[in-house]
Every structure is written in C-alpha cells, then in structure tokens.
Amino acid sequence: MPASSARTFPFSALTESDLLLDAAYQGGTAGHSGDDPIARIVAKVGNQGGFRTVGSPRKQDVKLAVLYSSGREPDWPDRLDVQTGRFMYYGDNRRPGHDLHDTGRGGNLLLRDTFARALGTAEDRAQIPPFLLFQKAGGGRDVRFRGLLAPGAEALSPEDELVALWRSTRGQRFQNYRAVFTVLDTAIVTRAWINELSEGLTTGPNAPAAWLAWVKARQYTVLTAPATTNTRSKDEQTPASDGQALIAEITEYFKGRWHGFEECAVALWRMQAPATGRCEVTQPYRDGGRDAIGEYVLGPDADPVPVEFALEAKCYGERTPVGVRDVARLISRLRNRQFGVFVTTSYFNAQAYSEVRDDRHPVVLMCGKDIADLLQERGFSSPEDVRKWLQTSFP
C-alpha cells in the first residue's frame with residue numbers, strides 16, 4: 001500500500017491504494033470528468049452518478065457496487081449514522097416520468113435484487129456485490145471512504161429495510177426506494193480484495209471477516225462509534241440553510257399563536273416515534289407545565305405495554321435557545337414511570353442540555369435540526385411542501 005499523509009491519498013496513487021476507513025482520496029486537477037477518484041480506485045465503475053457498478057444490474061452480473069453521496073440533495077437526504085452504523089440511501093428514480101425500476105443506471109433494479117437475495121440462503125448472499133460507500137470530501141472531486149456496506153440491518157423487518165416511497169414534483173407522483181444498509185466493522189478494504197471482486201470472487205481469500213460472516217449467516221458485525229460526549233453543541237443542533245428554510249416556515253406559520261405549535265409538536269414526535277399511542281394536547285390554562293400527555297406503546301400487538309410521557313413544545317426563533325428554566329419545568333412535572341419529550345424549533349443551550357444528560361433525566365430533546373431532518377426524510381423537502389402540510393394538518 002502506498003504511503004499516505006494524514007490518511008489522504010494522492011490522485012497518482014489511487015490505482016494501487018487500499019481503502020482505509022474515513023481516509024480521503026484526492027481527485028485530479030485536469031478540470032474534466034477524468035479527475036474522478038472513484039473510477040481510479042475501482043476500475044470500470046464509471047466516473048459519474050450515485051450508483052456505480054462493475055457489471056450490469058439488468059444482466060444481474062454486478063460484481064462490485066459503489067454508492068456515492070454528495071450530501072447536497074435535500075429532497076433525498078442520504079444519511080450515515082456513525083453511532084449506530086446504519087446508512088440510509090435513496091434510489092435513482094428521483095424525478096417523475098419513469099417507473100420505479102426504469103432508471104438509466106439500473107440502481108433501483110440493483111436494490112430490488114440485492115435485498116431479495118439478502119433474505120435467501122448463503123448461496124444467494126454470495127451473489128450479492130459488496131457495496132463501498134464514498135462521500136464528498138473537501139473541495140474539487142475529493143472523496144472520503146466511509147465503509148463497507150451490507151444490505152439491511154439487525155432488528156429491522158424486511159419491510160423496513162427497503163421501502164418504495166411515493167413522492168410528487170409539480171403535481172406528478174412517482175416512486176423511489178429508501179434502502180437501509182449496515183456499515184460492517186472493517187477498517188480496511190484491501191486492494192487484493194478489490195481485484196478479487198472485479199473477477200466475481202465475493203468470498204475470496206482476501207474478503208474481510210465481517211463480510212464473510214454476513215454472507216454465511218446474515219450476521220451483522222456492525223461498526224458503531226458512540227459519541228464521546230453526551231450533549232450537542234449549538235451548531236450540531238442547527239440545520240443547514242435548506243433545513244433552516246423549513247423551520248422558518250413553521251415559526252412563521254405559528255407566529256402570534258404559539259399554542260397552536262403544540263399539536264404540530266405532537267405530530268412531529270409521532271413521525272419520530274411511530275409507536276406513539278394516544279396523545280392529548282392540554283389546555284393552556286391547565287397544562288401544569290406539560291403541553292401534551294401521551295403513551296408510547298411497547299411490546300407485541302397482542303400484549304402491548306403503554307408507557308406514559310409528557311411533552312413540552314417551544315416554537316422559538318433560531319436565536320432564542322431553550323434554557324434551564326424551560327427544561328426544569330418539564331422535568332419537575334414528570335411522574336413516576338414517565339418520560340419527557342421536549343420539542344423546539346430552536347436549540348437547547350449548553351447548560352440545559354448538560355443538566356438533562358449529566359443527571360440522566362429520561363427526557364428526549366428534539367431540536368431544530370432534528371425537525372428539519374425528519375421533515376426531509378418524510379418528503380417535505382421544500383418550504384412549499386412544509387407550508388401545505390401545516391395548512392392541511394393545522395388549519
């Protein structure tokens with residue numbers, strides 16, 4: 001393996017480089033598509049698009065697949081959760097006019113066949129191409145290797161691993177896939193295995209142990225990276241500009257009638273936690289520090305166990321944080337065996353966040369970024385979409 005500096009590989013070394021987790025791979029400087037680094041790392045995958053394959057999805061002979069995410073499509077918010085080791089990726093039918101599987105690169109065909117085989121035998125899984133995840137890094141065409149992916153995830157049902165979603169653009173409805181992958185606990189993908197994969201040997205002598213375990217028994221050896229801190233900074237709670245536009249729609253809609261945001265907060269919590277059962281918004285003069293009271297349902301449908309929670313909602317502007325007094329008010333109203341949910345369009349200041357986490361209060365803190373991410377995942381990716389949802393749901 002060529003030597004690297006600060007885990008950054010120069011463009012000239014890419015044809016011989018191993019893939020190191022989170023290492024950067026530099027693009028060229030000629031100013032054309034030949035500067036793409038992925039095409040040099042993995043020959044024959046092409047230099048454009050989110051789906052790149054060695055082999056053809058239509059011929060069902062894909063030997064190796066690359067997923068590339070720029071992170072710049074708010075309508076399709078691919079998301080890597082490094083703490084849980086899950087990666088959510090959207091298919092390539094991203095505009096109206098085509099059927100779900102009728103895409104130029106056949107990405108959705110690949111997803112369909114991959115996730116179907118993943119539920120089969122070890123022989124079926126041995127036919128699945130490993131997926132290599134790259135994300136945009138820095139300037140130019142530089143990319144970062146984010147891991148080796150296996151389709152699906154532990155504890156998810158098959159129906160949740162690959163979902164065909166309906167979306168609409170300018171009144172035209174169409175479907176696209178949302179797929180969940182697991183990042184396997186593999187710090188390096190060797191050049192030797194990449195060469196084997198190009199020959200169709202998915203389980204050759206250089207295959208990582210985590211991949212072989214998944215092929216053999218669908219066992220997920222997950223790469224998890226728990227956070228070293230238990231709080232989030234203001235920047236970590238603040239959405240990017242496209243997300244801020246969505247939050248602005250909410251704060252503007254409820255301006256001057258802040259109590260109306262409480263029903264919206266309940267709806268947002270239901271999006272986040274679908275197992276939420278009954279939930280009632282309290283009257284403003286009788287709320288006792290709780291804007292809503294509800295139940296979160298645990299266990300099988302035949303024998304559910306409801307756990308009570310209290311919810312507090314604050315529709316604050318981006319410059320007005322939720323402070324200690326606001327959070328303490330909710331905590332003081334929690335009864336035995338209850339948990340709390342605090343939903344705000346803003347952020348929680350450092351002291352409030354620290355006191356909740358350091359004292360281990362059972363309170364979920366849902367900030368502006370969480371709301372923006374959630375709305376985008378549910379297909380409300382523009383201010384117009386959010387405005388229509390608000391007008392329809394909270395007239």
# chains A, B, ... in the order shown; residues from 1 in each chain; ligands from 1
>>> closest_atom_pairs(of="segment 122-153 of chain A", to="segment 56-65 of chain A", cutoff="10 Å", atoms="only C-alpha atoms", output="CSV")
residue,atom,partner,partner_atom,distance
A:Gln127,CA,A:Lys63,CA,8.1
A:Ile128,CA,A:Lys63,CA,7.7
A:Pro129,CA,A:Leu64,CA,4.8
A:Pro130,CA,A:Leu64,CA,5.6
A:Phe131,CA,A:Ala65,CA,4.8
A:Leu132,CA,A:Ala65,CA,6.3
A:Leu133,CA,A:Ala65,CA,8.8
A:Leu149,CA,A:Ala65,CA,9.8
>>> residues_around(residues="Gly106 of chain A", least_positions_apart="6", cutoff="10 Å", atoms="only C-alpha atoms", output="list in words")
Phe51, Arg52, Thr53, Ser56, Pro57, Arg58, Gly91, Asp92, Asn93 and Leu100 of chain A
>>> residues_around(residues="segment 143-146 of chain A", least_positions_apart="5", cutoff="9 Å", atoms="only C-alpha atoms", output="count of residues only")
23
>>> select_by_dssp(residues="segment 157-316 of chain A", states="alpha helix (DSSP H)", output="PyMOL selection string")
chain A and resi 158-161+191-198+209-217+234-237+241-253+261-272
>>> write_last_selection(atoms="N, CA and C atoms", output="tab-separated table (two decimals), in the first residue's frame")
chain	number	residue	atom	x	y	z
A	158	PRO	N	-37.89	-6.94	7.05
A	158	PRO	CA	-37.64	-6.77	5.61
A	158	PRO	C	-38.43	-5.61	5.01
A	159	GLU	N	-39.62	-5.37	5.54
A	159	GLU	CA	-40.45	-4.28	5.01
A	159	GLU	C	-39.84	-2.91	5.28
A	160	ASP	N	-39.03	-2.82	6.34
A	160	ASP	CA	-38.41	-1.54	6.69
A	160	ASP	C	-37.03	-1.37	6.08
A	161	GLU	N	-36.41	-2.46	5.62
A	161	GLU	CA	-35.08	-2.37	5.05
A	161	GLU	C	-35.09	-1.74	3.66
A	191	ARG	N	-6.61	-3.75	-1.52
A	191	ARG	CA	-6.51	-3.77	-2.98
A	191	ARG	C	-6.66	-5.20	-3.50
A	192	ALA	N	-6.14	-6.16	-2.74
A	192	ALA	CA	-6.23	-7.56	-3.17
A	192	ALA	C	-7.69	-8.00	-3.28
A	193	TRP	N	-8.55	-7.57	-2.31
A	193	TRP	CA	-9.96	-7.97	-2.38
A	193	TRP	C	-10.68	-7.23	-3.50
A	194	ILE	N	-10.35	-5.96	-3.71
A	194	ILE	CA	-10.94	-5.22	-4.82
A	194	ILE	C	-10.65	-5.93	-6.13
A	195	ASN	N	-9.44	-6.41	-6.28
A	195	ASN	CA	-9.08	-7.15	-7.50
A	195	ASN	C	-9.87	-8.45	-7.61
A	196	GLU	N	-10.04	-9.14	-6.48
A	196	GLU	CA	-10.84	-10.38	-6.50
A	196	GLU	C	-12.29	-10.09	-6.87
A	197	LEU	N	-12.84	-9.00	-6.34
A	197	LEU	CA	-14.22	-8.65	-6.64
A	197	LEU	C	-14.42	-8.36	-8.12
A	198	SER	N	-13.45	-7.75	-8.73
A	198	SER	CA	-13.53	-7.46	-10.16
A	198	SER	C	-13.61	-8.73	-10.99
A	209	ALA	N	-13.45	-10.54	7.29
A	209	ALA	CA	-14.18	-11.50	8.12
A	209	ALA	C	-15.62	-11.07	8.35
A	210	ALA	N	-15.86	-9.76	8.51
A	210	ALA	CA	-17.22	-9.27	8.76
A	210	ALA	C	-18.12	-9.54	7.56
A	211	TRP	N	-17.58	-9.42	6.35
A	211	TRP	CA	-18.36	-9.70	5.14
A	211	TRP	C	-18.67	-11.20	5.06
A	212	LEU	N	-17.71	-12.05	5.32
A	212	LEU	CA	-17.91	-13.49	5.25
A	212	LEU	C	-18.96	-13.94	6.27
A	213	ALA	N	-18.94	-13.33	7.45
A	213	ALA	CA	-19.93	-13.69	8.47
A	213	ALA	C	-21.33	-13.31	8.02
A	214	TRP	N	-21.45	-12.18	7.33
A	214	TRP	CA	-22.77	-11.76	6.85
A	214	TRP	C	-23.25	-12.70	5.74
A	215	VAL	N	-22.38	-13.05	4.82
A	215	VAL	CA	-22.76	-13.94	3.73
A	215	VAL	C	-23.18	-15.31	4.28
A	216	LYS	N	-22.42	-15.83	5.23
A	216	LYS	CA	-22.67	-17.17	5.74
A	216	LYS	C	-23.97	-17.25	6.52
A	217	ALA	N	-24.23	-16.29	7.39
A	217	ALA	CA	-25.37	-16.43	8.31
A	217	ALA	C	-26.17	-15.15	8.49
A	234	LYS	N	-24.52	24.02	19.86
A	234	LYS	CA	-25.50	24.80	19.11
A	234	LYS	C	-25.40	24.49	17.62
A	235	ASP	N	-24.18	24.43	17.09
A	235	ASP	CA	-24.01	24.15	15.66
A	235	ASP	C	-24.56	22.77	15.31
A	236	GLU	N	-24.38	21.81	16.19
A	236	GLU	CA	-24.87	20.46	15.93
A	236	GLU	C	-26.39	20.37	16.01
A	237	GLN	N	-27.02	21.35	16.62
A	237	GLN	CA	-28.48	21.37	16.71
A	237	GLN	C	-29.12	22.29	15.67
A	241	SER	N	-28.70	25.48	5.70
A	241	SER	CA	-29.56	26.54	5.15
A	241	SER	C	-30.87	26.00	4.59
A	242	ASP	N	-30.83	24.85	3.90
A	242	ASP	CA	-32.07	24.30	3.35
A	242	ASP	C	-33.01	23.87	4.47
A	243	GLY	N	-32.45	23.31	5.55
A	243	GLY	CA	-33.27	22.93	6.69
A	243	GLY	C	-33.80	24.13	7.45
A	244	GLN	N	-33.00	25.19	7.53
A	244	GLN	CA	-33.45	26.40	8.21
A	244	GLN	C	-34.68	27.00	7.52
A	245	ALA	N	-34.73	26.87	6.20
A	245	ALA	CA	-35.89	27.38	5.46
A	245	ALA	C	-37.16	26.62	5.85
A	246	LEU	N	-37.03	25.33	6.13
A	246	LEU	CA	-38.19	24.54	6.56
A	246	LEU	C	-38.65	24.97	7.94
A	247	ILE	N	-37.69	25.17	8.85
A	247	ILE	CA	-38.03	25.59	10.20
A	247	ILE	C	-38.66	26.98	10.19
A	248	ALA	N	-38.17	27.85	9.31
A	248	ALA	CA	-38.72	29.21	9.21
A	248	ALA	C	-40.20	29.17	8.82
A	249	GLU	N	-40.58	28.22	7.99
A	249	GLU	CA	-41.99	28.07	7.62
A	249	GLU	C	-42.84	27.76	8.84
A	250	ILE	N	-42.32	26.92	9.72
A	250	ILE	CA	-43.07	26.55	10.92
A	250	ILE	C	-43.21	27.74	11.87
A	251	THR	N	-42.09	28.41	12.15
A	251	THR	CA	-42.15	29.53	13.09
A	251	THR	C	-43.01	30.67	12.55
A	252	GLU	N	-42.97	30.89	11.27
A	252	GLU	CA	-43.81	31.94	10.68
A	252	GLU	C	-45.28	31.56	10.73
A	253	TYR	N	-45.57	30.29	10.49
A	253	TYR	CA	-46.96	29.83	10.45
A	253	TYR	C	-47.63	29.99	11.81
A	261	PHE	N	-48.64	25.56	18.01
A	261	PHE	CA	-47.49	24.71	17.68
A	261	PHE	C	-47.50	23.40	18.46
A	262	GLU	N	-48.23	23.35	19.56
A	262	GLU	CA	-48.21	22.15	20.39
A	262	GLU	C	-48.74	20.94	19.63
A	263	GLU	N	-49.80	21.10	18.87
A	263	GLU	CA	-50.32	19.99	18.07
A	263	GLU	C	-49.31	19.59	16.99
A	264	CYS	N	-48.63	20.58	16.43
A	264	CYS	CA	-47.58	20.30	15.45
A	264	CYS	C	-46.45	19.51	16.09
A	265	ALA	N	-46.08	19.89	17.31
A	265	ALA	CA	-45.01	19.18	18.01
A	265	ALA	C	-45.38	17.72	18.25
A	266	VAL	N	-46.64	17.47	18.58
A	266	VAL	CA	-47.11	16.10	18.77
A	266	VAL	C	-46.99	15.32	17.46
A	267	ALA	N	-47.39	15.96	16.36
A	267	ALA	CA	-47.30	15.30	15.05
A	267	ALA	C	-45.86	14.99	14.68
A	268	LEU	N	-44.96	15.91	14.98
A	268	LEU	CA	-43.54	15.67	14.70
A	268	LEU	C	-43.02	14.52	15.56
A	269	TRP	N	-43.42	14.47	16.80
A	269	TRP	CA	-43.00	13.37	17.67
A	269	TRP	C	-43.53	12.03	17.15
A	270	ARG	N	-44.76	12.01	16.63
A	270	ARG	CA	-45.31	10.78	16.06
A	270	ARG	C	-44.49	10.33	14.85
A	271	MET	N	-44.04	11.30	14.05
A	271	MET	CA	-43.17	10.95	12.92
A	271	MET	C	-41.89	10.29	13.43
A	272	GLN	N	-41.34	10.86	14.49
A	272	GLN	CA	-40.08	10.35	15.05
A	272	GLN	C	-40.29	9.01	15.75
>>> atom_distance(atom1="atom CA of Gly152 of chain A", atom2="atom CA of Pro74 of chain A")
23.1 Å
>>> closest_residue(among="A:Arg178, A:Ala116, A:Ile41, A:Asp301", to="Trp166 of chain A", atoms="only C-alpha atoms")
A:Arg178
>>> atom_distance(atom1="atom CA of Pro362 of chain A", atom2="atom CA of Gly340 of chain A")
6.2 Å
>>> residues_around(residues="segment 230-232 of chain A", least_positions_apart="3", cutoff="12 Å", atoms="only C-alpha atoms", output="PDB file with C-alpha atoms, in the first residue's frame")
ATOM      1  CA  GLN A  83     -23.142   5.891  16.187  1.00  0.00           C
ATOM      2  CA  PRO A 226     -20.579   6.006  20.192  1.00  0.00           C
ATOM      3  CA  ALA A 227     -20.213   9.731  20.765  1.00  0.00           C
ATOM      4  CA  ASP A 235     -24.008  24.146  15.665  1.00  0.00           C
ATOM      5  CA  GLU A 236     -24.869  20.455  15.932  1.00  0.00           C
ATOM      6  CA  GLN A 237     -28.483  21.372  16.708  1.00  0.00           C
ATOM      7  CA  THR A 238     -28.796  23.949  13.924  1.00  0.00           C
ATOM      8  CA  TYR A 347     -31.811  24.619  20.177  1.00  0.00           C
ATOM      9  CA  PHE A 348     -31.047  23.728  23.804  1.00  0.00           C
ATOM     10  CA  ASN A 349     -28.361  25.804  25.443  1.00  0.00           C
ATOM     11  CA  ALA A 350     -25.295  24.083  26.844  1.00  0.00           C
ATOM     12  CA  GLN A 351     -26.327  24.233  30.499  1.00  0.00           C
ATOM     13  CA  ALA A 352     -29.820  22.859  29.888  1.00  0.00           C
ATOM     14  CA  TYR A 353     -28.502  20.051  27.691  1.00  0.00           C
ATOM     15  CA  SER A 354     -25.777  19.120  30.181  1.00  0.00           C
ATOM     16  CA  GLU A 355     -28.115  19.048  33.177  1.00  0.00           C
ATOM     17  CA  VAL A 356     -30.528  16.703  31.392  1.00  0.00           C
ATOM     18  CA  ARG A 357     -27.800  14.305  30.302  1.00  0.00           C
ATOM     19  CA  ASP A 358     -25.487  14.505  33.329  1.00  0.00           C
ATOM     20  CA  ASP A 359     -28.385  13.923  35.752  1.00  0.00           C
ATOM     21  CA  ARG A 360     -29.748  11.198  33.465  1.00  0.00           C
ATOM     22  CA  VAL A 364     -35.872  13.309  24.724  1.00  0.00           C
ATOM     23  CA  LEU A 365     -34.503  16.591  23.352  1.00  0.00           C
ATOM     24  CA  MET A 366     -35.719  17.272  19.811  1.00  0.00           C
ATOM     25  CA  CYS A 367     -34.134  20.403  18.287  1.00  0.00           C
ATOM     26  CA  LYS A 369     -32.042  20.163  13.138  1.00  0.00           C
ATOM     27  CA  ASP A 370     -33.890  17.032  14.225  1.00  0.00           C
TER      28      ASP A 370
END
>>> residues_around(residues="Asp99 of chain A", least_positions_apart="4", cutoff="8 Å", atoms="only C-alpha atoms", output="list in words")
Asn93, Thr103, Phe174 and Gln175 of chain A
>>> write_last_selection(atoms="N, CA, C and O atoms", output="PDB file, in the first residue's frame")
ATOM      1  N   ASN A  93     -34.481   6.783  -8.884  1.00  0.00           N
ATOM      2  CA  ASN A  93     -35.661   7.306  -9.574  1.00  0.00           C
ATOM      3  C   ASN A  93     -36.096   8.570  -8.841  1.00  0.00           C
ATOM      4  O   ASN A  93     -37.068   8.579  -8.089  1.00  0.00           O
ATOM      5  N   THR A 103     -34.759   3.072 -14.537  1.00  0.00           N
ATOM      6  CA  THR A 103     -33.776   4.139 -14.375  1.00  0.00           C
ATOM      7  C   THR A 103     -32.569   3.879 -15.253  1.00  0.00           C
ATOM      8  O   THR A 103     -32.268   2.733 -15.611  1.00  0.00           O
ATOM      9  N   PHE A 174     -44.545   9.824  -8.257  1.00  0.00           N
ATOM     10  CA  PHE A 174     -43.626   8.770  -8.681  1.00  0.00           C
ATOM     11  C   PHE A 174     -43.073   8.079  -7.448  1.00  0.00           C
ATOM     12  O   PHE A 174     -43.225   8.562  -6.328  1.00  0.00           O
ATOM     13  N   GLN A 175     -42.442   6.922  -7.672  1.00  0.00           N
ATOM     14  CA  GLN A 175     -41.904   6.140  -6.575  1.00  0.00           C
ATOM     15  C   GLN A 175     -40.381   6.066  -6.631  1.00  0.00           C
ATOM     16  O   GLN A 175     -39.790   6.092  -7.708  1.00  0.00           O
TER      17      GLN A 175
END
>>> residues_around(residues="Val327 of chain A", least_positions_apart="2", cutoff="9 Å", atoms="only C-alpha atoms", output="list in words")
Glu312, Val322, Gly323, Val324, Arg325, Arg329, Leu330, Ile331, Ser332, Phe342, Phe348, Ala352, Tyr353 and Val356 of chain A
>>> residues_around(residues="Pro306 of chain A", least_positions_apart="2", cutoff="12 Å", atoms="only C-alpha atoms", output="compact mmCIF listing (two decimals) with C-alpha atoms, in the first residue's frame")
# COMPACT_ATOMS: atom_id res chain seq x y z
CA ALA A 275 -45.20 3.59 18.27
CA THR A 276 -46.76 6.59 20.00
CA GLY A 277 -50.34 5.80 21.03
CA ARG A 278 -52.92 8.23 22.30
CA CYS A 279 -51.69 11.77 22.86
CA GLY A 294 -49.48 10.62 25.81
CA GLU A 295 -48.45 6.98 25.70
CA TYR A 296 -45.63 5.19 23.91
CA VAL A 297 -46.53 1.56 23.25
CA LEU A 298 -44.00 -1.22 23.86
CA GLY A 299 -44.25 -4.96 23.24
CA PRO A 300 -46.21 -7.17 20.82
CA ASP A 301 -49.59 -6.13 19.45
CA ASP A 303 -49.96 -7.67 24.72
CA PRO A 304 -48.94 -4.00 24.47
CA GLU A 308 -46.71 7.46 29.69
CA PHE A 309 -44.85 10.57 28.61
CA ARG A 337 -42.51 5.82 35.31
CA GLN A 338 -42.98 8.70 32.88
CA PHE A 339 -40.51 10.09 30.38
>>> atom_distance(atom1="atom CA of Ala372 of chain A", atom2="atom CA of Ala313 of chain A")
15.6 Å
>>> select_by_dssp(residues="segment 71-210 of chain A", states="strand (DSSP E)", output="PyMOL selection string")
chain A and resi 79-81+86-90+131-136+143-151+162-169+172-183+188-189
>>> write_last_selection(atoms="C-alpha atoms", output="compact mmCIF listing (two decimals), in the first residue's frame")
# COMPACT_ATOMS: atom_id res chain seq x y z
CA ARG A 79 -27.73 9.82 5.94
CA LEU A 80 -24.92 7.97 7.69
CA ASP A 81 -25.36 7.44 11.44
CA ARG A 86 -26.61 2.48 9.68
CA PHE A 87 -26.68 4.19 6.31
CA MET A 88 -29.91 5.28 4.63
CA TYR A 89 -29.70 5.70 0.88
CA TYR A 90 -32.29 6.73 -1.70
CA PHE A 131 -21.20 -2.04 -1.55
CA LEU A 132 -18.46 0.53 -0.97
CA LEU A 133 -19.61 3.88 0.41
CA PHE A 134 -17.96 7.14 -0.58
CA GLN A 135 -18.98 10.66 0.36
CA LYS A 136 -17.83 14.01 -0.95
CA VAL A 143 -13.98 11.77 -1.73
CA ARG A 144 -13.84 10.01 1.62
CA PHE A 145 -14.26 6.27 2.10
CA ARG A 146 -16.96 5.67 4.69
CA GLY A 147 -17.14 1.92 4.86
CA LEU A 148 -18.11 -1.49 3.57
CA LEU A 149 -21.88 -1.95 3.45
CA ALA A 150 -24.14 -4.96 3.74
CA PRO A 151 -27.83 -4.62 2.84
CA LEU A 162 -36.23 -1.48 1.53
CA VAL A 163 -39.26 0.76 1.15
CA ALA A 164 -40.85 2.12 -2.04
CA LEU A 165 -41.91 5.68 -1.24
CA TRP A 166 -44.29 7.92 -3.14
CA ARG A 167 -43.11 11.44 -3.88
CA SER A 168 -44.51 14.25 -6.02
CA THR A 169 -42.92 17.04 -8.07
CA GLN A 172 -46.62 14.41 -10.73
CA ARG A 173 -46.39 11.35 -8.49
CA PHE A 174 -43.63 8.77 -8.68
CA GLN A 175 -41.90 6.14 -6.57
CA ASN A 176 -38.37 5.73 -5.34
CA TYR A 177 -36.63 3.37 -2.93
CA ARG A 178 -35.31 4.14 0.52
CA ALA A 179 -32.76 1.50 1.48
CA VAL A 180 -31.05 0.80 4.80
CA PHE A 181 -27.52 -0.63 4.86
CA THR A 182 -25.21 -1.59 7.71
CA VAL A 183 -21.60 -0.45 7.88
CA ILE A 188 -9.62 -1.65 5.58
CA VAL A 189 -10.74 -2.96 2.20
>>> closest_residue(among="A:Leu156, A:Val54, A:Ile293, A:Leu223", to="Gly85 of chain A", atoms="only C-alpha atoms")
A:Leu223
>>> decode(residues="segment 253-327 of chain A", atoms="C-alpha atoms", output="PDB file, in the first residue's frame")
ATOM      1  CA  TYR A 253     -46.961  29.829  10.451  1.00  0.00           C
ATOM      2  CA  PHE A 254     -47.463  29.800  14.219  1.00  0.00           C
ATOM      3  CA  LYS A 255     -46.304  33.367  14.820  1.00  0.00           C
ATOM      4  CA  GLY A 256     -48.590  35.052  17.297  1.00  0.00           C
ATOM      5  CA  ARG A 257     -50.411  31.811  18.161  1.00  0.00           C
ATOM      6  CA  TRP A 258     -47.682  29.769  19.782  1.00  0.00           C
ATOM      7  CA  HIS A 259     -50.110  27.411  21.496  1.00  0.00           C
ATOM      8  CA  GLY A 260     -51.007  26.103  18.034  1.00  0.00           C
ATOM      9  CA  PHE A 261     -47.491  24.709  17.677  1.00  0.00           C
ATOM     10  CA  GLU A 262     -48.209  22.150  20.385  1.00  0.00           C
ATOM     11  CA  GLU A 263     -50.318  19.988  18.067  1.00  0.00           C
ATOM     12  CA  CYS A 264     -47.583  20.298  15.448  1.00  0.00           C
ATOM     13  CA  ALA A 265     -45.006  19.178  18.014  1.00  0.00           C
ATOM     14  CA  VAL A 266     -47.106  16.098  18.770  1.00  0.00           C
ATOM     15  CA  ALA A 267     -47.305  15.299  15.048  1.00  0.00           C
ATOM     16  CA  LEU A 268     -43.539  15.675  14.704  1.00  0.00           C
ATOM     17  CA  TRP A 269     -42.996  13.367  17.667  1.00  0.00           C
ATOM     18  CA  ARG A 270     -45.313  10.784  16.065  1.00  0.00           C
ATOM     19  CA  MET A 271     -43.166  10.950  12.922  1.00  0.00           C
ATOM     20  CA  GLN A 272     -40.084  10.354  15.052  1.00  0.00           C
ATOM     21  CA  ALA A 273     -41.690   7.678  17.227  1.00  0.00           C
ATOM     22  CA  PRO A 274     -44.414   5.813  15.278  1.00  0.00           C
ATOM     23  CA  ALA A 275     -45.203   3.587  18.275  1.00  0.00           C
ATOM     24  CA  THR A 276     -46.764   6.594  19.999  1.00  0.00           C
ATOM     25  CA  GLY A 277     -50.336   5.805  21.025  1.00  0.00           C
ATOM     26  CA  ARG A 278     -52.919   8.228  22.298  1.00  0.00           C
ATOM     27  CA  CYS A 279     -51.685  11.768  22.865  1.00  0.00           C
ATOM     28  CA  GLU A 280     -53.743  14.721  24.041  1.00  0.00           C
ATOM     29  CA  VAL A 281     -52.773  18.375  23.965  1.00  0.00           C
ATOM     30  CA  THR A 282     -53.591  20.035  27.285  1.00  0.00           C
ATOM     31  CA  GLN A 283     -55.481  23.278  27.664  1.00  0.00           C
ATOM     32  CA  PRO A 284     -53.136  26.275  28.028  1.00  0.00           C
ATOM     33  CA  TYR A 285     -54.579  27.243  31.410  1.00  0.00           C
ATOM     34  CA  ARG A 286     -54.426  23.680  32.785  1.00  0.00           C
ATOM     35  CA  ASP A 287     -51.223  22.243  31.309  1.00  0.00           C
ATOM     36  CA  GLY A 288     -49.269  22.191  34.575  1.00  0.00           C
ATOM     37  CA  GLY A 289     -46.001  22.503  32.686  1.00  0.00           C
ATOM     38  CA  ARG A 290     -46.941  19.861  30.129  1.00  0.00           C
ATOM     39  CA  ASP A 291     -48.254  20.788  26.704  1.00  0.00           C
ATOM     40  CA  ALA A 292     -49.339  17.215  25.927  1.00  0.00           C
ATOM     41  CA  ILE A 293     -49.746  13.884  27.691  1.00  0.00           C
ATOM     42  CA  GLY A 294     -49.477  10.621  25.814  1.00  0.00           C
ATOM     43  CA  GLU A 295     -48.447   6.981  25.699  1.00  0.00           C
ATOM     44  CA  TYR A 296     -45.629   5.186  23.912  1.00  0.00           C
ATOM     45  CA  VAL A 297     -46.525   1.558  23.254  1.00  0.00           C
ATOM     46  CA  LEU A 298     -44.002  -1.223  23.858  1.00  0.00           C
ATOM     47  CA  GLY A 299     -44.245  -4.956  23.245  1.00  0.00           C
ATOM     48  CA  PRO A 300     -46.211  -7.173  20.823  1.00  0.00           C
ATOM     49  CA  ASP A 301     -49.592  -6.125  19.445  1.00  0.00           C
ATOM     50  CA  ALA A 302     -51.259  -8.951  21.379  1.00  0.00           C
ATOM     51  CA  ASP A 303     -49.964  -7.669  24.717  1.00  0.00           C
ATOM     52  CA  PRO A 304     -48.937  -4.003  24.465  1.00  0.00           C
ATOM     53  CA  VAL A 305     -47.470  -2.102  27.402  1.00  0.00           C
ATOM     54  CA  PRO A 306     -48.136   1.673  27.338  1.00  0.00           C
ATOM     55  CA  VAL A 307     -45.529   3.964  28.879  1.00  0.00           C
ATOM     56  CA  GLU A 308     -46.707   7.463  29.693  1.00  0.00           C
ATOM     57  CA  PHE A 309     -44.855  10.569  28.608  1.00  0.00           C
ATOM     58  CA  ALA A 310     -45.254  14.315  28.940  1.00  0.00           C
ATOM     59  CA  LEU A 311     -44.410  16.629  26.065  1.00  0.00           C
ATOM     60  CA  GLU A 312     -43.350  20.269  26.097  1.00  0.00           C
ATOM     61  CA  ALA A 313     -43.165  22.403  22.926  1.00  0.00           C
ATOM     62  CA  LYS A 314     -41.445  25.720  22.255  1.00  0.00           C
ATOM     63  CA  CYS A 315     -41.726  27.468  18.896  1.00  0.00           C
ATOM     64  CA  TYR A 316     -38.678  29.687  19.289  1.00  0.00           C
ATOM     65  CA  GLY A 317     -36.692  31.602  16.697  1.00  0.00           C
ATOM     66  CA  GLU A 318     -33.229  30.385  15.773  1.00  0.00           C
ATOM     67  CA  ARG A 319     -31.566  32.922  18.108  1.00  0.00           C
ATOM     68  CA  THR A 320     -33.636  32.024  21.159  1.00  0.00           C
ATOM     69  CA  PRO A 321     -32.425  28.859  22.881  1.00  0.00           C
ATOM     70  CA  VAL A 322     -34.323  26.658  25.281  1.00  0.00           C
ATOM     71  CA  GLY A 323     -32.782  27.228  28.690  1.00  0.00           C
ATOM     72  CA  VAL A 324     -32.588  25.524  32.062  1.00  0.00           C
ATOM     73  CA  ARG A 325     -35.842  27.008  33.320  1.00  0.00           C
ATOM     74  CA  ASP A 326     -37.828  25.642  30.371  1.00  0.00           C
ATOM     75  CA  VAL A 327     -36.386  22.145  30.725  1.00  0.00           C
TER      76      VAL A 327
END
